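Listing of input29.pdb; format and content: PDB, C-alpha atoms.
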ATOM      1  CA  MET A  13      88.577 138.005 103.549
ATOM      2  CA  SER A  14      85.264 139.365 104.826
ATOM      3  CA  ASP A  15      83.849 138.938 108.344
ATOM      4  CA  ASP A  16      84.868 135.786 110.193
ATOM      5  CA  PRO A  17      82.796 132.861 108.900
ATOM      6  CA  ASP A  18      80.379 131.082 111.215
ATOM      7  CA  TRP A  19      81.930 127.945 112.739
ATOM      8  CA  ALA A  20      79.006 125.917 111.415
ATOM      9  CA  LEU A  21      80.296 126.532 107.898
ATOM     10  CA  TYR A  22      83.547 124.739 108.718
ATOM     11  CA  ARG A  23      81.533 121.845 110.112
ATOM     12  CA  THR A  24      79.746 121.602 106.786
ATOM     13  CA  LEU A  25      83.045 121.866 104.906
ATOM     14  CA  LEU A  26      84.458 118.945 106.890
ATOM     15  CA  ALA A  27      81.361 116.845 106.164
ATOM     16  CA  VAL A  28      81.613 117.515 102.421
ATOM     17  CA  LEU A  29      85.321 116.663 102.432
ATOM     18  CA  ASP A  30      84.679 113.452 104.384
ATOM     19  CA  GLU A  31      81.581 112.336 102.487
ATOM     20  CA  GLY A  32      82.616 113.439  98.994
ATOM     21  CA  SER A  33      79.323 115.003  97.912
ATOM     22  CA  LEU A  34      76.736 117.557  98.974
ATOM     23  CA  SER A  35      73.972 114.976  99.282
ATOM     24  CA  ALA A  36      76.031 112.604 101.441
ATOM     25  CA  ALA A  37      77.182 115.489 103.628
ATOM     26  CA  ALA A  38      73.586 116.625 104.021
ATOM     27  CA  ARG A  39      72.551 113.160 105.204
ATOM     28  CA  SER A  40      75.399 112.981 107.724
ATOM     29  CA  LEU A  41      74.549 116.427 109.127
ATOM     30  CA  GLY A  42      70.780 116.056 109.063
ATOM     31  CA  LEU A  43      70.462 119.020 106.697
ATOM     32  CA  THR A  44      69.070 119.483 103.211
ATOM     33  CA  GLN A  45      71.335 119.476 100.176
ATOM     34  CA  PRO A  46      70.514 123.111  99.289
ATOM     35  CA  THR A  47      71.466 124.153 102.825
ATOM     36  CA  VAL A  48      74.834 122.397 102.539
ATOM     37  CA  ALA A  49      75.410 124.041  99.154
ATOM     38  CA  ARG A  50      74.619 127.464 100.648
ATOM     39  CA  HIS A  51      77.064 126.798 103.487
ATOM     40  CA  VAL A  52      79.847 125.976 101.025
ATOM     41  CA  ASP A  53      79.063 129.035  98.918
ATOM     42  CA  ALA A  54      79.007 131.256 102.018
ATOM     43  CA  LEU A  55      82.365 129.954 103.245
ATOM     44  CA  GLU A  56      83.958 130.432  99.831
ATOM     45  CA  ALA A  57      82.586 133.977  99.690
ATOM     46  CA  ALA A  58      83.896 134.734 103.191
ATOM     47  CA  LEU A  59      87.346 133.341 102.376
ATOM     48  CA  GLY A  60      87.439 134.853  98.907
ATOM     49  CA  ALA A  61      88.583 131.613  97.298
ATOM     50  CA  ASP A  62      87.185 128.414  95.803
ATOM     51  CA  LEU A  63      87.215 125.352  98.039
ATOM     52  CA  PHE A  64      85.864 122.944  95.435
ATOM     53  CA  VAL A  65      85.946 122.502  91.685
ATOM     54  CA  ARG A  66      82.485 121.720  90.324
ATOM     55  CA  SER A  67      82.358 119.209  87.490
ATOM     56  CA  GLN A  68      80.097 116.507  86.084
ATOM     57  CA  ARG A  69      81.869 114.060  88.398
ATOM     58  CA  GLY A  70      80.842 116.085  91.429
ATOM     59  CA  LEU A  71      82.947 118.146  93.808
ATOM     60  CA  GLU A  72      86.732 117.971  93.814
ATOM     61  CA  PRO A  73      88.440 119.858  96.673
ATOM     62  CA  THR A  74      90.981 122.476  95.715
ATOM     63  CA  ASP A  75      94.378 122.616  97.391
ATOM     64  CA  LEU A  76      92.966 125.226  99.768
ATOM     65  CA  GLY A  77      89.971 123.057 100.531
ATOM     66  CA  GLN A  78      92.210 120.111 101.367
ATOM     67  CA  SER A  79      94.510 122.271 103.486
ATOM     68  CA  LEU A  80      91.573 123.351 105.649
ATOM     69  CA  ARG A  81      90.600 119.772 106.511
ATOM     70  CA  SER A  82      92.954 119.374 109.486
ATOM     71  CA  HIS A  83      91.943 122.750 110.904
ATOM     72  CA  ALA A  84      88.248 121.953 110.533
ATOM     73  CA  GLN A  85      88.829 118.579 112.208
ATOM     74  CA  ILE A  86      90.491 120.291 115.165
ATOM     75  CA  MET A  87      87.507 122.617 115.455
ATOM     76  CA  ALA A  88      85.095 119.670 115.373
ATOM     77  CA  THR A  89      87.103 117.752 117.979
ATOM     78  CA  THR A  90      87.338 120.781 120.246
ATOM     79  CA  ALA A  91      83.613 121.437 119.931
ATOM     80  CA  ALA A  92      82.851 117.825 120.856
ATOM     81  CA  ALA A  93      85.185 118.019 123.860
ATOM     82  CA  LEU A  94      83.539 121.272 124.927
ATOM     83  CA  LEU A  95      80.105 119.655 124.840
ATOM     84  CA  ARG A  96      81.322 116.619 126.808
ATOM     85  CA  THR A  97      82.918 118.804 129.457
ATOM     86  CA  ALA A  98      79.832 120.979 129.757
ATOM     87  CA  SER A  99      77.436 118.020 129.813
ATOM     88  CA  GLY A 100      78.003 117.224 133.491
ATOM     89  CA  THR A 101      76.809 118.890 136.653
ATOM     90  CA  LEU A 102      79.549 120.299 138.858
ATOM     91  CA  GLY A 103      80.435 117.877 141.656
ATOM     92  CA  SER A 104      78.279 115.019 140.360
ATOM     93  CA  VAL A 105      78.936 112.007 138.135
ATOM     94  CA  THR A 106      76.714 113.015 135.236
ATOM     95  CA  GLY A 107      77.360 113.712 131.594
ATOM     96  CA  THR A 108      79.543 112.175 128.916
ATOM     97  CA  VAL A 109      83.018 110.661 129.161
ATOM     98  CA  ARG A 110      84.870 109.544 126.030
ATOM     99  CA  ILE A 111      87.272 106.636 126.545
ATOM    100  CA  SER A 112      89.958 105.503 124.123
ATOM    101  CA  ALA A 113      91.339 101.949 124.300
ATOM    102  CA  SER A 114      92.818  99.266 122.080
ATOM    103  CA  ASP A 115      90.430  96.822 120.445
ATOM    104  CA  VAL A 116      91.193  93.887 122.757
ATOM    105  CA  VAL A 117      90.934  95.999 125.911
ATOM    106  CA  ALA A 118      87.689  97.553 124.688
ATOM    107  CA  VAL A 119      86.094  94.218 123.840
ATOM    108  CA  GLU A 120      87.566  91.835 126.398
ATOM    109  CA  HIS A 121      88.069  93.961 129.531
ATOM    110  CA  LEU A 122      86.039  97.156 129.572
ATOM    111  CA  PRO A 123      82.414  95.930 129.203
ATOM    112  CA  PRO A 124      82.036  94.588 132.786
ATOM    113  CA  ILE A 125      83.805  97.656 134.218
ATOM    114  CA  LEU A 126      81.556 100.023 132.271
ATOM    115  CA  THR A 127      78.490  98.009 133.247
ATOM    116  CA  LEU A 128      79.215  98.497 136.951
ATOM    117  CA  LEU A 129      79.906 102.186 136.343
ATOM    118  CA  ARG A 130      76.558 102.627 134.648
ATOM    119  CA  ARG A 131      74.732 100.807 137.444
ATOM    120  CA  ASP A 132      76.322 103.042 140.061
ATOM    121  CA  HIS A 133      75.933 106.240 138.032
ATOM    122  CA  ALA A 134      72.786 106.125 135.922
ATOM    123  CA  ALA A 135      73.339 109.652 134.550
ATOM    124  CA  LEU A 136      76.761 108.783 133.151
ATOM    125  CA  VAL A 137      77.123 108.349 129.386
ATOM    126  CA  VAL A 138      80.194 106.595 127.946
ATOM    127  CA  GLU A 139      81.606 107.002 124.456
ATOM    128  CA  LEU A 140      84.096 104.233 123.623
ATOM    129  CA  MET A 141      86.657 104.799 120.876
ATOM    130  CA  LEU A 142      88.907 101.988 119.677
ATOM    131  CA  SER A 143      92.344 103.494 119.130
ATOM    132  CA  ASP A 144      95.996 103.122 120.131
ATOM    133  CA  ARG A 145      97.056 106.616 119.113
ATOM    134  CA  VAL A 146      98.971 108.472 121.801
ATOM    135  CA  ASP A 147      97.802 111.934 120.726
ATOM    136  CA  ASP A 148      94.093 111.275 121.325
ATOM    137  CA  LEU A 149      94.199 112.999 124.717
ATOM    138  CA  LEU A 150      96.215 116.039 123.699
ATOM    139  CA  ALA A 151      93.828 116.650 120.802
ATOM    140  CA  ARG A 152      90.903 116.038 123.190
ATOM    141  CA  GLU A 153      89.551 113.318 120.913
ATOM    142  CA  ALA A 154      89.225 111.333 124.140
ATOM    143  CA  ASP A 155      88.966 112.257 127.811
ATOM    144  CA  ILE A 156      90.552 109.112 129.250
ATOM    145  CA  ALA A 157      92.746 106.537 127.525
ATOM    146  CA  VAL A 158      94.013 103.041 128.245
ATOM    147  CA  ARG A 159      97.478 102.717 126.750
ATOM    148  CA  MET A 160     100.229 100.097 126.512
ATOM    149  CA  THR A 161     102.964 102.727 126.201
ATOM    150  CA  GLU A 162     104.159 105.174 128.823
ATOM    151  CA  PRO A 163     102.862 108.715 128.251
ATOM    152  CA  THR A 164     105.619 111.317 128.119
ATOM    153  CA  GLN A 165     103.603 114.538 127.948
ATOM    154  CA  THR A 166     103.695 116.537 131.195
ATOM    155  CA  SER A 167     100.120 117.738 130.711
ATOM    156  CA  LEU A 168      98.743 114.237 131.245
ATOM    157  CA  LEU A 169      97.808 112.504 134.480
ATOM    158  CA  ALA A 170      98.823 108.829 134.312
ATOM    159  CA  ARG A 171      98.599 105.792 136.563
ATOM    160  CA  ARG A 172     100.660 102.690 135.829
ATOM    161  CA  LEU A 173      98.987  99.336 136.429
ATOM    162  CA  PRO A 174     100.460  95.827 136.743
ATOM    163  CA  PRO A 175     101.751  94.680 133.351
ATOM    164  CA  VAL A 176      99.716  92.511 131.021
ATOM    165  CA  GLU A 177     101.240  89.126 130.227
ATOM    166  CA  LEU A 178     101.324  87.865 126.653
ATOM    167  CA  GLY A 179     101.966  84.266 125.726
ATOM    168  CA  PHE A 180     101.750  81.972 122.722
ATOM    169  CA  HIS A 181      98.376  80.265 122.411
ATOM    170  CA  ALA A 182      96.589  78.029 119.951
ATOM    171  CA  HIS A 183      93.253  76.293 119.704
ATOM    172  CA  ARG A 184      93.294  72.661 120.766
ATOM    173  CA  SER A 185      92.057  71.589 117.304
ATOM    174  CA  TYR A 186      95.091  73.180 115.623
ATOM    175  CA  LEU A 187      97.531  71.460 117.983
ATOM    176  CA  ASP A 188      95.765  68.122 117.495
ATOM    177  CA  LEU A 189      96.312  68.530 113.770
ATOM    178  CA  ARG A 190      99.821  69.994 113.682
ATOM    179  CA  GLY A 191     101.369  69.015 116.994
ATOM    180  CA  THR A 192     102.716  71.207 119.791
ATOM    181  CA  PRO A 193     106.102  72.896 119.267
ATOM    182  CA  ALA A 194     108.676  72.171 121.960
ATOM    183  CA  ASN A 195     110.976  75.129 121.260
ATOM    184  CA  MET A 196     111.266  78.333 119.222
ATOM    185  CA  GLU A 197     112.780  76.535 116.241
ATOM    186  CA  GLU A 198     109.783  74.214 115.990
ATOM    187  CA  LEU A 199     107.428  77.140 116.564
ATOM    188  CA  ALA A 200     108.833  78.920 113.504
ATOM    189  CA  ALA A 201     107.661  76.000 111.335
ATOM    190  CA  HIS A 202     104.009  76.447 112.380
ATOM    191  CA  ASP A 203     101.254  78.676 111.012
ATOM    192  CA  LEU A 204     101.949  81.848 112.941
ATOM    193  CA  ILE A 205      99.624  84.797 113.474
ATOM    194  CA  GLY A 206     101.199  88.222 113.866
ATOM    195  CA  HIS A 207     101.350  91.887 112.980
ATOM    196  CA  ASP A 208     101.488  93.420 109.518
ATOM    197  CA  ALA A 209     103.004  96.895 109.873
ATOM    198  CA  GLU A 210     106.091  97.167 112.035
ATOM    199  CA  THR A 211     106.282  99.767 114.801
ATOM    200  CA  PRO A 212     109.133 100.479 117.242
ATOM    201  CA  ALA A 213     107.198  98.698 120.009
ATOM    202  CA  LEU A 214     106.595  95.634 117.851
ATOM    203  CA  ARG A 215     110.199  95.540 116.680
ATOM    204  CA  ALA A 216     111.357  95.615 120.290
ATOM    205  CA  MET A 217     108.998  92.740 121.071
ATOM    206  CA  VAL A 218     110.153  90.655 118.124
ATOM    207  CA  GLU A 219     113.779  91.148 119.129
ATOM    208  CA  GLN A 220     112.955  89.245 122.325
ATOM    209  CA  LEU A 221     111.603  86.326 120.308
ATOM    210  CA  PRO A 222     113.996  85.392 117.499
ATOM    211  CA  PRO A 223     113.613  84.006 114.890
ATOM    212  CA  LEU A 224     110.089  85.427 114.574
ATOM    213  CA  ASP A 225     109.322  88.322 112.217
ATOM    214  CA  ARG A 226     106.416  89.310 109.983
ATOM    215  CA  HIS A 227     107.882  87.483 106.965
ATOM    216  CA  GLY A 228     107.279  84.179 108.717
ATOM    217  CA  PHE A 229     103.643  84.868 109.631
ATOM    218  CA  ALA A 230     100.906  82.920 107.865
ATOM    219  CA  LEU A 231      98.386  85.598 108.851
ATOM    220  CA  ARG A 232      99.321  89.255 109.209
ATOM    221  CA  THR A 233      96.992  91.818 110.717
ATOM    222  CA  ASP A 234      97.505  94.877 112.891
ATOM    223  CA  SER A 235      94.235  94.250 114.712
ATOM    224  CA  ASN A 236      94.899  92.440 117.989
ATOM    225  CA  LEU A 237      91.230  91.490 118.054
ATOM    226  CA  ALA A 238      91.503  89.888 114.608
ATOM    227  CA  GLN A 239      94.599  87.991 115.748
ATOM    228  CA  LEU A 240      92.709  86.717 118.790
ATOM    229  CA  ALA A 241      89.774  85.649 116.620
ATOM    230  CA  ALA A 242      92.134  83.734 114.332
ATOM    231  CA  ILE A 243      93.695  81.947 117.315
ATOM    232  CA  ARG A 244      90.233  80.995 118.569
ATOM    233  CA  ALA A 245      89.275  79.728 115.109
ATOM    234  CA  GLY A 246      92.240  77.355 114.998
ATOM    235  CA  PHE A 247      94.143  79.167 112.254
ATOM    236  CA  GLY A 248      97.474  78.826 114.021
ATOM    237  CA  ILE A 249      99.618  79.998 116.935
ATOM    238  CA  GLY A 250      99.765  83.611 118.058
ATOM    239  CA  LEU A 251     100.505  85.910 120.947
ATOM    240  CA  CYS A 252      97.575  87.058 123.027
ATOM    241  CA  GLN A 253      96.861  88.176 126.564
ATOM    242  CA  SER A 254      97.121  85.231 128.932
ATOM    243  CA  ALA A 255      94.234  86.498 131.050
ATOM    244  CA  VAL A 256      91.962  86.509 127.999
ATOM    245  CA  ALA A 257      93.086  83.079 126.800
ATOM    246  CA  GLN A 258      92.437  81.531 130.216
ATOM    247  CA  ARG A 259      88.723  82.221 129.793
ATOM    248  CA  ASP A 260      88.529  79.790 126.864
ATOM    249  CA  LYS A 261      89.176  76.148 127.779
ATOM    250  CA  ALA A 262      89.815  75.328 124.123
ATOM    251  CA  LEU A 263      92.888  77.577 124.015
ATOM    252  CA  VAL A 264      96.192  76.014 125.030
ATOM    253  CA  ARG A 265      99.323  77.826 126.164
ATOM    254  CA  VAL A 266     102.261  76.985 123.894
ATOM    255  CA  LEU A 267     105.837  77.280 125.184
ATOM    256  CA  PRO A 268     104.605  78.491 128.582
ATOM    257  CA  ALA A 269     108.106  79.422 129.720
ATOM    258  CA  ILE A 270     108.109  82.231 127.148
ATOM    259  CA  ALA A 271     106.190  85.341 128.165
ATOM    260  CA  LEU A 272     106.175  89.015 127.319
ATOM    261  CA  HIS A 273     104.878  91.740 129.581
ATOM    262  CA  LEU A 274     103.255  94.934 128.369
ATOM    263  CA  PRO A 275     102.865  97.958 130.643
ATOM    264  CA  ILE A 276      99.363  99.350 130.956
ATOM    265  CA  TRP A 277      98.534 102.941 131.771
ATOM    266  CA  ILE A 278      95.337 104.842 132.523
ATOM    267  CA  VAL A 279      95.765 108.393 131.271
ATOM    268  CA  MET A 280      93.728 111.608 131.175
ATOM    269  CA  HIS A 281      94.412 115.282 130.713
ATOM    270  CA  GLU A 282      95.359 116.927 133.987
ATOM    271  CA  ASP A 283      92.742 119.648 133.438
ATOM    272  CA  LEU A 284      90.050 117.030 134.106
ATOM    273  CA  LYS A 285      91.367 115.707 137.415
ATOM    274  CA  THR A 286      89.157 117.981 139.543
ATOM    275  CA  SER A 287      85.975 116.811 137.818
ATOM    276  CA  ALA A 288      84.065 114.183 139.806
ATOM    277  CA  ARG A 289      82.799 112.616 136.598
ATOM    278  CA  PHE A 290      86.168 112.111 134.937
ATOM    279  CA  ARG A 291      87.920 111.166 138.159
ATOM    280  CA  THR A 292      85.284 108.525 138.954
ATOM    281  CA  VAL A 293      85.681 106.900 135.545
ATOM    282  CA  PHE A 294      89.482 107.146 135.747
ATOM    283  CA  ASP A 295      89.526 105.392 139.133
ATOM    284  CA  ALA A 296      87.015 102.742 138.032
ATOM    285  CA  LEU A 297      89.147 101.866 135.007
ATOM    286  CA  ALA A 298      92.321 101.779 137.083
ATOM    287  CA  ASN A 299      90.736  99.524 139.711
ATOM    288  CA  GLY A 300      89.012  97.224 137.224
ATOM    289  CA  LEU A 301      91.979  96.775 134.911
ATOM    290  CA  GLY A 302      94.368  96.552 137.856
ATOM    291  CA  ASN A 303      92.501  93.489 139.088
ATOM    292  CA  MET A 304      92.897  91.594 135.841
ATOM    293  CA  THR A 305      94.431  88.142 136.171
ATOM    294  CA  VAL A 306      97.837  88.183 134.488
TER     295      VAL A 306
END
Using structure tokens, write down the structure from this file.
Amino acid sequence: MSDDPDWALYRTLLAVLDEGSLSAAARSLGLTQPTVARHVDALEAALGADLFVRSQRGLEPTDLGQSLRSHAQIMATTAAALLRTASGTLGSVTGTVRISASDVVAVEHLPPILTLLRRDHAALVVELMLSDRVDDLLAREADIAVRMTEPTQTSLLARRLPPVELGFHAHRSYLDLRGTPANMEELAAHDLIGHDAETPALRAMVEQLPPLDRHGFALRTDSNLAQLAAIRAGFGIGLCQSAVAQRDKALVRVLPAIALHLPIWIVMHEDLKTSARFRTVFDALANGLGNMTV
């Protein structure tokens, strides 16, 4: 291997791997196709190995090229985190904060909280990422996260909020058509909306609600937002946040005696706790989400 390659070459490599062609990578990076080709050639020369196989079908990554993807992604994530951290002025609420939250939280709860934040801090920029992955913070893909599972990493600062209540709900039009179940046995005979892929958290939830499992669902999707949309459309009966359902007069609580409670946590890396910008956003999220009606 020759001298250490410029980091920009790895950025180009990642774009080519993600986009599948030099021209698409050039568009995503705002570069010309010849420049992207020169970057790839320069990186291959520096590493002393081919990263792609050129053919009439285009570029096919070699095993080495594929193996570098995760490392290049870490570099890109770290660079983005570096820019976010450096974007603020010391002691002031300015710059960029990247927030990670589930789809329902991001759509149904965060907009009014972020609106007030922006009004109070006009120099604050928010990046909102829809994700449930626990490792977002450790990889610095996000600065602050809203999570429904307790963080276990000691390097994270976490605040637990009052739990979120889930209950069975359906649109009034569906119940008018199919009737309202009086117990779990009758519920199992209805068109149920639920998850597709099973996770340990979902399995634990289902164990509290026999005889429900994914095989009995008429609609399966891992998007909580898609499940909520299906409930609102009258597709069938599903679990959703009670606080969200209460905003829609057309949604009816089914089997109201049955409720599940999910913990909610606001989490950020402890290295950010002394920053006024990150701490302000952390506290605003904790206060706003902590005041949700459950």
Close residues, Asp30 in chain A itself excluded, 12 Å, only C-alpha atoms, min 2 positions apart in chain, as a PyMOL selection string: chain A and resi 23-28+32-38+40-41+71-73+77-78+81-82+84-85
What's the separation between CA of Ser167 in chain A and CA of Trp19 in chain A, in Å to one decimal place?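 Interatomic distance here is 27.5 Å.
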May I have the residues within 8 Å of range 155-165 of chain A as a JSON list (two decimals) with C-alpha atoms, in the coordinates of the input, using only C-alpha atoms and disregarding those fewer than 3 positions away in the same chain?
[["chain", "number", "residue", "atom", "x", "y", "z"],
["A", 93, "ALA", "CA", 85.18, 118.02, 123.86],
["A", 109, "VAL", "CA", 83.02, 110.66, 129.16],
["A", 110, "ARG", "CA", 84.87, 109.54, 126.03],
["A", 111, "ILE", "CA", 87.27, 106.64, 126.54],
["A", 112, "SER", "CA", 89.96, 105.50, 124.12],
["A", 113, "ALA", "CA", 91.34, 101.95, 124.30],
["A", 114, "SER", "CA", 92.82, 99.27, 122.08],
["A", 144, "ASP", "CA", 96.00, 103.12, 120.13],
["A", 146, "VAL", "CA", 98.97, 108.47, 121.80],
["A", 148, "ASP", "CA", 94.09, 111.28, 121.32],
["A", 149, "LEU", "CA", 94.20, 113.00, 124.72],
["A", 152, "ARG", "CA", 90.90, 116.04, 123.19],
["A", 168, "LEU", "CA", 98.74, 114.24, 131.24],
["A", 170, "ALA", "CA", 98.82, 108.83, 134.31],
["A", 274, "LEU", "CA", 103.26, 94.93, 128.37],
["A", 275, "PRO", "CA", 102.86, 97.96, 130.64],
["A", 276, "ILE", "CA", 99.36, 99.35, 130.96],
["A", 277, "TRP", "CA", 98.53, 102.94, 131.77],
["A", 278, "ILE", "CA", 95.34, 104.84, 132.52],
["A", 279, "VAL", "CA", 95.76, 108.39, 131.27],
["A", 280, "MET", "CA", 93.73, 111.61, 131.18],
["A", 281, "HIS", "CA", 94.41, 115.28, 130.71],
["A", 284, "LEU", "CA", 90.05, 117.03, 134.11],
["A", 290, "PHE", "CA", 86.17, 112.11, 134.94],
["A", 294, "PHE", "CA", 89.48, 107.15, 135.75]]
Å distance separating CA of His202 in chain A from CA of Val266 in chain A, one decimal place: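 CA of Val266 in chain A lies 11.7 Å from CA of His202 in chain A.
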For each of A:Ala182, A:Cys252, A:Ala154, A:Ala245, take the minimum atom-to-atom distance to Val264 in chain A, counting only C-alpha atoms, then give the residue where this is smallest.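 Closest residue, counting only C-alpha atoms: A:Ala182.
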Restore N, CA and C atoms in range 250-262 of chain A and list the result as a PDB file, in the coordinates of the input.
ATOM      1  N   GLY A 250      99.512  82.176 117.982  1.00  0.00           N
ATOM      2  CA  GLY A 250      99.765  83.611 118.058  1.00  0.00           C
ATOM      3  C   GLY A 250      99.914  84.071 119.489  1.00  0.00           C
ATOM      4  N   LEU A 251     100.403  85.283 119.628  1.00  0.00           N
ATOM      5  CA  LEU A 251     100.505  85.910 120.947  1.00  0.00           C
ATOM      6  C   LEU A 251      99.183  86.557 121.308  1.00  0.00           C
ATOM      7  N   CYS A 252      98.753  86.357 122.534  1.00  0.00           N
ATOM      8  CA  CYS A 252      97.575  87.058 123.027  1.00  0.00           C
ATOM      9  C   CYS A 252      97.692  87.193 124.537  1.00  0.00           C
ATOM     10  N   GLN A 253      96.829  87.971 125.129  1.00  0.00           N
ATOM     11  CA  GLN A 253      96.861  88.176 126.564  1.00  0.00           C
ATOM     12  C   GLN A 253      96.503  86.866 127.278  1.00  0.00           C
ATOM     13  N   SER A 254      97.340  86.485 128.218  1.00  0.00           N
ATOM     14  CA  SER A 254      97.121  85.231 128.932  1.00  0.00           C
ATOM     15  C   SER A 254      95.807  85.249 129.701  1.00  0.00           C
ATOM     16  N   ALA A 255      95.475  86.405 130.281  1.00  0.00           N
ATOM     17  CA  ALA A 255      94.234  86.498 131.050  1.00  0.00           C
ATOM     18  C   ALA A 255      93.014  86.260 130.180  1.00  0.00           C
ATOM     19  N   VAL A 256      93.074  86.717 128.931  1.00  0.00           N
ATOM     20  CA  VAL A 256      91.962  86.509 127.999  1.00  0.00           C
ATOM     21  C   VAL A 256      91.903  85.048 127.564  1.00  0.00           C
ATOM     22  N   ALA A 257      93.049  84.467 127.256  1.00  0.00           N
ATOM     23  CA  ALA A 257      93.086  83.079 126.800  1.00  0.00           C
ATOM     24  C   ALA A 257      92.595  82.115 127.873  1.00  0.00           C
ATOM     25  N   GLN A 258      92.842  82.423 129.135  1.00  0.00           N
ATOM     26  CA  GLN A 258      92.437  81.531 130.216  1.00  0.00           C
ATOM     27  C   GLN A 258      90.922  81.384 130.335  1.00  0.00           C
ATOM     28  N   ARG A 259      90.185  82.306 129.738  1.00  0.00           N
ATOM     29  CA  ARG A 259      88.723  82.221 129.793  1.00  0.00           C
ATOM     30  C   ARG A 259      88.167  81.170 128.840  1.00  0.00           C
ATOM     31  N   ASP A 260      88.975  80.747 127.881  1.00  0.00           N
ATOM     32  CA  ASP A 260      88.529  79.790 126.864  1.00  0.00           C
ATOM     33  C   ASP A 260      89.266  78.471 127.073  1.00  0.00           C
ATOM     34  N   LYS A 261      88.555  77.433 127.487  1.00  0.00           N
ATOM     35  CA  LYS A 261      89.176  76.148 127.779  1.00  0.00           C
ATOM     36  C   LYS A 261      89.745  75.473 126.537  1.00  0.00           C
ATOM     37  N   ALA A 262      89.313  75.929 125.363  1.00  0.00           N
ATOM     38  CA  ALA A 262      89.815  75.328 124.123  1.00  0.00           C
ATOM     39  C   ALA A 262      91.160  75.907 123.704  1.00  0.00           C
TER      40      ALA A 262
END
